[in-house]
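Data block below; observations after.
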Amino acid sequence: MRKLVFATGNQGKMKEIREILADMALEILSMKEAGVNLDIQEDGTTFEENAVIKAKAVQEATGELTLADDSGLEIDYLNGEPGVYSARYLGEDTSYRIKNANLIQRLEGVPMEQRTARFVCVIAAAFPDGRVETARATIEGVIGYEERGENGFGYDPIFYVPEFHCSTAELSPEQKNAVSHRGKALRQMKEILREAWSK
Ligand code: ITT
């Protein structure tokens, strides 16, 4: 069976990634399972740069094909904040209760039509021969007036998808993966991998 390492320390992401790639007959190791304990400096200014930094660092440490996910929430009214700094917004160790409450507060009084936002996900693949590929996808939504739902992770309780009339934290894992930024970017990456393996 083919093997790949996924360069993430985020368990919420890892769970979704395993579900989305489940049909690939792949052995997927988390960074921890691959025995990698690196403190990677995500000093890029774009999702692409940071995804490539993570994938390459772990590829070089393991020698295996490595994928990485760099993602975040862009809120139009806040000029795209928190964006690439989504994990670090208000501090890496600050709870999402506090981060989500803070964002809702910053949008106090802002009408629904100006609360537009999107989740962005870039998946990078670093191949053992040095080649790098990326795939990007988004899901559009709005920032709600309150937190709702217990599923997912991070900013899911404040991100509402108009078509579903609920937050992404109220969707089942299958529903979220079918429409999410991560689901769509990983499905593009599956095609890139299939193509690479067909040669
Ligand atoms: P790794 O770098 O180890 O993968 P991280 O959490 O630091 O983990 P990022 O730098 O890519 O990852 O930050 C992404 C942040 O964006 C994440 O911590 C969440 O706050 C937010 N985010 C991304 N996708 C999300 C989703 O599907 N639902 C909710 N929040 C999400």
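Ordering of the structure tokens sets the chain letters (A, B, ...); residue numbers start at 1 within each chain; ligands are numbered from 1 in the order shown.
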Taking only C-alpha atoms and all ligand atoms into account, list the residues no farther than 6 Å from ligand 1, as a CSV table (one decimal) with N, CA, C and O atoms, in the first residue's frame.
```
chain,number,residue,atom,x,y,z
A,8,THR,N,0.5,17.8,9.8
A,8,THR,CA,-0.3,18.7,10.6
A,8,THR,C,-0.3,18.3,12.0
A,8,THR,O,-0.2,17.1,12.3
A,9,GLY,N,-0.4,19.2,12.9
A,9,GLY,CA,-0.5,18.9,14.3
A,9,GLY,C,-1.9,19.2,14.8
A,9,GLY,O,-2.2,19.1,16.0
A,10,ASN,N,-2.8,19.6,13.9
A,10,ASN,CA,-4.2,19.9,14.2
A,10,ASN,C,-5.1,18.7,14.1
A,10,ASN,O,-5.3,18.2,13.0
A,69,ASP,N,-1.7,21.0,4.9
A,69,ASP,CA,-2.9,21.9,4.7
A,69,ASP,C,-2.6,23.2,5.4
A,69,ASP,O,-2.3,23.3,6.6
A,70,ASP,N,-2.7,24.3,4.6
A,70,ASP,CA,-2.8,25.6,5.3
A,70,ASP,C,-4.1,26.2,5.0
A,70,ASP,O,-4.5,26.3,3.8
A,71,SER,N,-4.8,26.7,6.0
A,71,SER,CA,-6.2,27.1,5.8
A,71,SER,C,-6.5,28.2,6.7
A,71,SER,O,-5.7,28.6,7.6
A,72,GLY,N,-7.6,28.8,6.5
A,72,GLY,CA,-8.0,29.9,7.4
A,72,GLY,C,-9.3,30.6,7.0
A,72,GLY,O,-9.9,30.2,6.0
A,73,LEU,N,-9.8,31.5,7.8
A,73,LEU,CA,-11.0,32.2,7.6
A,73,LEU,C,-10.8,33.7,7.2
A,73,LEU,O,-10.0,34.4,7.9
A,86,SER,N,-5.1,32.8,11.0
A,86,SER,CA,-6.3,32.3,11.7
A,86,SER,C,-5.9,31.5,13.0
A,86,SER,O,-6.6,31.6,14.0
A,87,ALA,N,-4.9,30.6,12.9
A,87,ALA,CA,-4.5,29.8,14.1
A,87,ALA,C,-3.9,30.7,15.2
A,87,ALA,O,-4.1,30.4,16.3
A,153,PHE,N,-14.4,22.1,14.2
A,153,PHE,CA,-13.4,22.7,15.1
A,153,PHE,C,-13.2,24.2,14.8
A,153,PHE,O,-13.9,24.7,13.9
A,154,GLY,N,-12.4,24.8,15.5
A,154,GLY,CA,-12.0,26.2,15.2
A,154,GLY,C,-13.1,27.2,15.1
A,154,GLY,O,-14.0,27.3,15.9
A,155,TYR,N,-13.2,27.8,13.9
A,155,TYR,CA,-14.2,28.8,13.6
A,155,TYR,C,-15.6,28.3,13.1
A,155,TYR,O,-16.5,29.1,12.8
A,156,ASP,N,-15.7,27.0,13.1
A,156,ASP,CA,-17.0,26.4,12.5
A,156,ASP,C,-18.2,27.0,13.2
A,156,ASP,O,-19.2,27.2,12.5
```
Tell me which protein, DNA and RNA residues are within 12 Å of region 54-57 of chain A, counting only C-alpha atoms, leaving out same-chain ones fewer than 3 positions away, and put them as an MDAnalysis selection string. chainID A and resid 4:9 31 36:44 47:51 60:70 122:134
Could the residues in this selection be written to a file with N, CA and C atoms, as a compact mmCIF listing (two decimals), in the first residue's frame?
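So the final result, stored in part19.txt, reads:
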```txt
# COMPACT_ATOMS: atom_id res chain seq x y z
N LEU A 4 1.72 7.96 2.79
CA LEU A 4 2.06 9.38 2.82
C LEU A 4 1.98 9.91 4.24
N VAL A 5 2.71 10.99 4.46
CA VAL A 5 2.69 11.65 5.77
C VAL A 5 1.87 12.92 5.62
N PHE A 6 1.03 13.21 6.60
CA PHE A 6 0.30 14.48 6.59
C PHE A 6 0.88 15.40 7.65
N ALA A 7 1.46 16.51 7.17
CA ALA A 7 2.21 17.42 8.06
C ALA A 7 1.27 18.36 8.79
N THR A 8 0.52 17.83 9.75
CA THR A 8 -0.31 18.71 10.58
C THR A 8 -0.28 18.25 12.03
N GLY A 9 -0.38 19.21 12.92
CA GLY A 9 -0.50 18.91 14.34
C GLY A 9 -1.92 19.20 14.81
N MET A 31 1.96 13.53 11.46
CA MET A 31 3.34 13.91 11.73
C MET A 31 3.87 13.15 12.96
N VAL A 36 7.86 12.66 13.66
CA VAL A 36 8.43 13.99 13.39
C VAL A 36 7.98 14.97 14.48
N ASN A 37 8.93 15.64 15.05
CA ASN A 37 8.61 16.62 16.08
C ASN A 37 9.34 17.92 15.74
N LEU A 38 8.84 18.60 14.71
CA LEU A 38 9.51 19.82 14.24
C LEU A 38 8.69 21.03 14.64
N ASP A 39 9.35 22.13 14.97
CA ASP A 39 8.64 23.38 15.18
C ASP A 39 8.83 24.19 13.89
N ILE A 40 7.85 24.08 12.99
CA ILE A 40 8.01 24.69 11.67
C ILE A 40 7.58 26.16 11.72
N GLN A 41 8.44 27.05 11.25
CA GLN A 41 8.11 28.49 11.19
C GLN A 41 7.25 28.75 9.97
N GLU A 42 5.98 29.06 10.21
CA GLU A 42 5.08 29.36 9.07
C GLU A 42 5.21 30.85 8.77
N ASP A 43 6.32 31.24 8.12
CA ASP A 43 6.56 32.67 7.92
C ASP A 43 6.20 33.15 6.52
N GLY A 44 5.41 32.37 5.80
CA GLY A 44 4.91 32.82 4.50
C GLY A 44 3.79 33.84 4.69
N PHE A 47 -1.41 31.37 1.90
CA PHE A 47 -1.72 29.98 2.26
C PHE A 47 -0.80 29.04 1.47
N GLU A 48 -0.56 29.37 0.20
CA GLU A 48 0.30 28.52 -0.64
C GLU A 48 1.69 28.41 -0.02
N GLU A 49 2.28 29.57 0.31
CA GLU A 49 3.65 29.56 0.85
C GLU A 49 3.73 28.70 2.11
N ASN A 50 2.77 28.91 3.01
CA ASN A 50 2.84 28.17 4.28
C ASN A 50 2.59 26.67 4.08
N ALA A 51 1.68 26.33 3.18
CA ALA A 51 1.43 24.90 2.94
C ALA A 51 2.70 24.24 2.39
N GLU A 60 11.38 16.45 3.89
CA GLU A 60 12.83 16.33 4.06
C GLU A 60 13.18 15.53 5.31
N ALA A 61 12.34 15.64 6.35
CA ALA A 61 12.62 14.90 7.59
C ALA A 61 12.31 13.41 7.46
N THR A 62 11.34 13.05 6.62
CA THR A 62 10.90 11.64 6.56
C THR A 62 11.33 10.92 5.29
N GLY A 63 11.56 11.66 4.22
CA GLY A 63 11.84 11.04 2.93
C GLY A 63 10.59 10.55 2.21
N GLU A 64 9.43 10.65 2.87
CA GLU A 64 8.16 10.15 2.28
C GLU A 64 7.42 11.28 1.56
N LEU A 65 6.55 10.88 0.64
CA LEU A 65 5.60 11.83 0.07
C LEU A 65 4.85 12.48 1.23
N THR A 66 4.80 13.82 1.24
CA THR A 66 4.17 14.52 2.37
C THR A 66 3.16 15.54 1.87
N LEU A 67 1.98 15.55 2.50
CA LEU A 67 0.97 16.57 2.21
C LEU A 67 0.86 17.50 3.42
N ALA A 68 0.47 18.76 3.16
CA ALA A 68 0.21 19.70 4.25
C ALA A 68 -1.00 20.53 3.89
N ASP A 69 -1.67 21.05 4.90
CA ASP A 69 -2.88 21.86 4.75
C ASP A 69 -2.62 23.20 5.40
N ASP A 70 -2.74 24.28 4.64
CA ASP A 70 -2.76 25.60 5.28
C ASP A 70 -4.10 26.22 4.95
N VAL A 122 -5.47 25.43 1.25
CA VAL A 122 -4.48 25.04 0.25
C VAL A 122 -3.80 23.77 0.74
N ILE A 123 -3.84 22.75 -0.11
CA ILE A 123 -3.13 21.50 0.18
C ILE A 123 -1.87 21.49 -0.68
N ALA A 124 -0.73 21.27 -0.04
CA ALA A 124 0.52 21.12 -0.80
C ALA A 124 0.98 19.68 -0.70
N ALA A 125 1.58 19.21 -1.81
CA ALA A 125 2.21 17.89 -1.81
C ALA A 125 3.68 18.07 -2.14
N ALA A 126 4.55 17.51 -1.29
CA ALA A 126 5.99 17.53 -1.57
C ALA A 126 6.40 16.09 -1.87
N PHE A 127 6.82 15.86 -3.12
CA PHE A 127 7.19 14.51 -3.57
C PHE A 127 8.67 14.26 -3.25
N PRO A 128 9.03 12.98 -3.07
CA PRO A 128 10.44 12.65 -2.77
C PRO A 128 11.43 13.13 -3.84
N ASP A 129 10.95 13.34 -5.10
CA ASP A 129 11.89 13.82 -6.14
C ASP A 129 12.04 15.34 -6.13
N GLY A 130 11.45 16.01 -5.14
CA GLY A 130 11.61 17.47 -5.03
C GLY A 130 10.47 18.27 -5.65
N ARG A 131 9.59 17.57 -6.39
CA ARG A 131 8.47 18.27 -7.02
C ARG A 131 7.44 18.69 -5.97
N VAL A 132 6.82 19.86 -6.20
CA VAL A 132 5.79 20.35 -5.29
C VAL A 132 4.55 20.71 -6.09
N GLU A 133 3.38 20.33 -5.58
CA GLU A 133 2.12 20.69 -6.23
C GLU A 133 1.19 21.27 -5.17
N THR A 134 0.30 22.19 -5.58
CA THR A 134 -0.68 22.72 -4.62
C THR A 134 -2.09 22.67 -5.22
```
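With only C-alpha atoms as the basis for measurement, A:Ile20 is the residue among A:Glu27, A:Thr94, A:Tyr89, A:Ile20 that approaches Lys190 (chain A) most closely.
The coordinates place CA of Pro173 (chain A) at 7.5 Å from CA of Glu16 (chain A).
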Give me the residues of region 38-141 of chain A that have any atom at most 9 Å from an atom of region 177-181 of chain A; for each, the nearest atom pair and the distance in Å, rounded to one decimal. Use only C-alpha atoms, sort by chain and number, and format it as JSON lines.
```
{"residue": "A:Ser71", "atom": "CA", "partner": "A:His181", "partner_atom": "CA", "distance": 8.5}
{"residue": "A:Arg118", "atom": "CA", "partner": "A:His181", "partner_atom": "CA", "distance": 8.7}
{"residue": "A:Phe119", "atom": "CA", "partner": "A:His181", "partner_atom": "CA", "distance": 6.1}
{"residue": "A:Val120", "atom": "CA", "partner": "A:His181", "partner_atom": "CA", "distance": 5.7}
{"residue": "A:Cys121", "atom": "CA", "partner": "A:His181", "partner_atom": "CA", "distance": 5.3}
{"residue": "A:Val122", "atom": "CA", "partner": "A:His181", "partner_atom": "CA", "distance": 8.4}
{"residue": "A:Arg136", "atom": "CA", "partner": "A:His181", "partner_atom": "CA", "distance": 7.9}
{"residue": "A:Ala137", "atom": "CA", "partner": "A:His181", "partner_atom": "CA", "distance": 4.9}
{"residue": "A:Thr138", "atom": "CA", "partner": "A:His181", "partner_atom": "CA", "distance": 4.3}
{"residue": "A:Ile139", "atom": "CA", "partner": "A:His181", "partner_atom": "CA", "distance": 5.2}
{"residue": "A:Glu140", "atom": "CA", "partner": "A:His181", "partner_atom": "CA", "distance": 8.9}
```
Same residues, all heavy atoms, saved as a PDB file, in the first residue's frame:
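Okay, this is what ended up in selection_17.pdb:
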```pdb
ATOM      1  N   SER A  71      -4.783  26.654   5.983  1.00  0.00           N
ATOM      2  CA  SER A  71      -6.152  27.104   5.792  1.00  0.00           C
ATOM      3  C   SER A  71      -6.463  28.249   6.734  1.00  0.00           C
ATOM      4  O   SER A  71      -5.672  28.585   7.611  1.00  0.00           O
ATOM      5  CB  SER A  71      -7.110  25.927   6.023  1.00  0.00           C
ATOM      6  OG  SER A  71      -6.769  25.213   7.190  1.00  0.00           O
ATOM      7  N   ARG A 118     -15.158  33.577   3.952  1.00  0.00           N
ATOM      8  CA  ARG A 118     -14.897  32.268   3.326  1.00  0.00           C
ATOM      9  C   ARG A 118     -13.811  31.544   4.090  1.00  0.00           C
ATOM     10  O   ARG A 118     -12.936  32.162   4.681  1.00  0.00           O
ATOM     11  CB  ARG A 118     -14.513  32.402   1.840  1.00  0.00           C
ATOM     12  CG  ARG A 118     -13.149  33.004   1.589  1.00  0.00           C
ATOM     13  CD  ARG A 118     -13.043  33.567   0.191  1.00  0.00           C
ATOM     14  NE  ARG A 118     -14.141  34.495  -0.087  1.00  0.00           N
ATOM     15  CZ  ARG A 118     -14.227  35.746   0.400  1.00  0.00           C
ATOM     16  NH1 ARG A 118     -13.270  36.243   1.162  1.00  0.00           N
ATOM     17  NH2 ARG A 118     -15.269  36.486   0.140  1.00  0.00           N
ATOM     18  N   PHE A 119     -13.925  30.214   4.081  1.00  0.00           N
ATOM     19  CA  PHE A 119     -12.812  29.383   4.504  1.00  0.00           C
ATOM     20  C   PHE A 119     -11.994  29.083   3.256  1.00  0.00           C
ATOM     21  O   PHE A 119     -12.551  28.759   2.195  1.00  0.00           O
ATOM     22  CB  PHE A 119     -13.297  28.051   5.073  1.00  0.00           C
ATOM     23  CG  PHE A 119     -13.712  28.085   6.515  1.00  0.00           C
ATOM     24  CD1 PHE A 119     -14.945  27.557   6.908  1.00  0.00           C
ATOM     25  CD2 PHE A 119     -12.863  28.572   7.507  1.00  0.00           C
ATOM     26  CE1 PHE A 119     -15.330  27.538   8.241  1.00  0.00           C
ATOM     27  CE2 PHE A 119     -13.238  28.551   8.855  1.00  0.00           C
ATOM     28  CZ  PHE A 119     -14.473  28.040   9.218  1.00  0.00           C
ATOM     29  N   VAL A 120     -10.676  29.186   3.396  1.00  0.00           N
ATOM     30  CA  VAL A 120      -9.753  28.871   2.304  1.00  0.00           C
ATOM     31  C   VAL A 120      -8.895  27.690   2.742  1.00  0.00           C
ATOM     32  O   VAL A 120      -8.496  27.618   3.910  1.00  0.00           O
ATOM     33  CB  VAL A 120      -8.815  30.073   2.013  1.00  0.00           C
ATOM     34  CG1 VAL A 120      -7.859  29.761   0.862  1.00  0.00           C
ATOM     35  CG2 VAL A 120      -9.607  31.336   1.725  1.00  0.00           C
ATOM     36  N   CYS A 121      -8.615  26.784   1.819  1.00  0.00           N
ATOM     37  CA  CYS A 121      -7.696  25.681   2.129  1.00  0.00           C
ATOM     38  C   CYS A 121      -6.751  25.472   0.949  1.00  0.00           C
ATOM     39  O   CYS A 121      -7.202  25.365  -0.191  1.00  0.00           O
ATOM     40  CB  CYS A 121      -8.478  24.391   2.375  1.00  0.00           C
ATOM     41  SG  CYS A 121      -7.412  22.964   2.675  1.00  0.00           S
ATOM     42  N   VAL A 122      -5.468  25.433   1.255  1.00  0.00           N
ATOM     43  CA  VAL A 122      -4.478  25.042   0.249  1.00  0.00           C
ATOM     44  C   VAL A 122      -3.800  23.768   0.738  1.00  0.00           C
ATOM     45  O   VAL A 122      -3.316  23.709   1.868  1.00  0.00           O
ATOM     46  CB  VAL A 122      -3.431  26.147   0.003  1.00  0.00           C
ATOM     47  CG1 VAL A 122      -2.303  25.626  -0.890  1.00  0.00           C
ATOM     48  CG2 VAL A 122      -4.085  27.363  -0.642  1.00  0.00           C
ATOM     49  N   ARG A 136      -6.036  24.556  -4.289  1.00  0.00           N
ATOM     50  CA  ARG A 136      -6.717  25.537  -3.434  1.00  0.00           C
ATOM     51  C   ARG A 136      -8.222  25.432  -3.626  1.00  0.00           C
ATOM     52  O   ARG A 136      -8.696  25.254  -4.754  1.00  0.00           O
ATOM     53  CB  ARG A 136      -6.263  26.943  -3.814  1.00  0.00           C
ATOM     54  CG  ARG A 136      -7.170  28.067  -3.285  1.00  0.00           C
ATOM     55  CD  ARG A 136      -6.771  29.422  -3.834  1.00  0.00           C
ATOM     56  NE  ARG A 136      -5.689  29.997  -3.055  1.00  0.00           N
ATOM     57  CZ  ARG A 136      -5.847  31.038  -2.226  1.00  0.00           C
ATOM     58  NH1 ARG A 136      -7.022  31.625  -2.068  1.00  0.00           N
ATOM     59  NH2 ARG A 136      -4.828  31.495  -1.567  1.00  0.00           N
ATOM     60  N   ALA A 137      -8.973  25.572  -2.547  1.00  0.00           N
ATOM     61  CA  ALA A 137     -10.433  25.641  -2.658  1.00  0.00           C
ATOM     62  C   ALA A 137     -10.990  26.498  -1.525  1.00  0.00           C
ATOM     63  O   ALA A 137     -10.334  26.720  -0.504  1.00  0.00           O
ATOM     64  CB  ALA A 137     -11.043  24.243  -2.623  1.00  0.00           C
ATOM     65  N   THR A 138     -12.223  26.978  -1.735  1.00  0.00           N
ATOM     66  CA  THR A 138     -12.868  27.822  -0.728  1.00  0.00           C
ATOM     67  C   THR A 138     -14.315  27.373  -0.531  1.00  0.00           C
ATOM     68  O   THR A 138     -14.890  26.678  -1.386  1.00  0.00           O
ATOM     69  CB  THR A 138     -12.913  29.303  -1.194  1.00  0.00           C
ATOM     70  OG1 THR A 138     -13.607  29.357  -2.439  1.00  0.00           O
ATOM     71  CG2 THR A 138     -11.528  29.885  -1.358  1.00  0.00           C
ATOM     72  N   ILE A 139     -14.898  27.808   0.570  1.00  0.00           N
ATOM     73  CA  ILE A 139     -16.352  27.709   0.763  1.00  0.00           C
ATOM     74  C   ILE A 139     -16.821  29.077   1.240  1.00  0.00           C
ATOM     75  O   ILE A 139     -16.219  29.672   2.145  1.00  0.00           O
ATOM     76  CB  ILE A 139     -16.743  26.579   1.747  1.00  0.00           C
ATOM     77  CG1 ILE A 139     -18.260  26.604   1.990  1.00  0.00           C
ATOM     78  CG2 ILE A 139     -15.978  26.647   3.054  1.00  0.00           C
ATOM     79  CD1 ILE A 139     -18.777  25.445   2.833  1.00  0.00           C
ATOM     80  N   GLU A 140     -17.866  29.586   0.587  1.00  0.00           N
ATOM     81  CA  GLU A 140     -18.372  30.920   0.917  1.00  0.00           C
ATOM     82  C   GLU A 140     -19.461  30.827   1.983  1.00  0.00           C
ATOM     83  O   GLU A 140     -20.253  29.887   2.005  1.00  0.00           O
ATOM     84  CB  GLU A 140     -18.979  31.582  -0.334  1.00  0.00           C
ATOM     85  CG  GLU A 140     -18.013  31.788  -1.488  1.00  0.00           C
ATOM     86  CD  GLU A 140     -16.968  32.873  -1.228  1.00  0.00           C
ATOM     87  OE1 GLU A 140     -17.279  33.863  -0.513  1.00  0.00           O
ATOM     88  OE2 GLU A 140     -15.838  32.723  -1.743  1.00  0.00           O
TER      89      GLU A 140
END
```
Give me every strand (DSSP E or B) residue in region 27-184 of chain A, going by DSSP on the backbone, as an NGL selection string. :A and (27-30 or 66-75 or 81-82 or 116-126 or 132-143 or 159-161 or 166-167)
In Å to one decimal, how far is CA of Asp76 (chain A) from CA of Pro111 (chain A)?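 The value is 12.6 Å.
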Using backbone DSSP assignments, extract all alpha helix (DSSP H) residues from region 3-179 of chain A; output them as a ChimeraX atom specification. /A:11-20,47-62,96-106,173-179
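When CA of Met14 (chain A) is paired with CA of Leu186 (chain A), their separation reads 12.1 Å.
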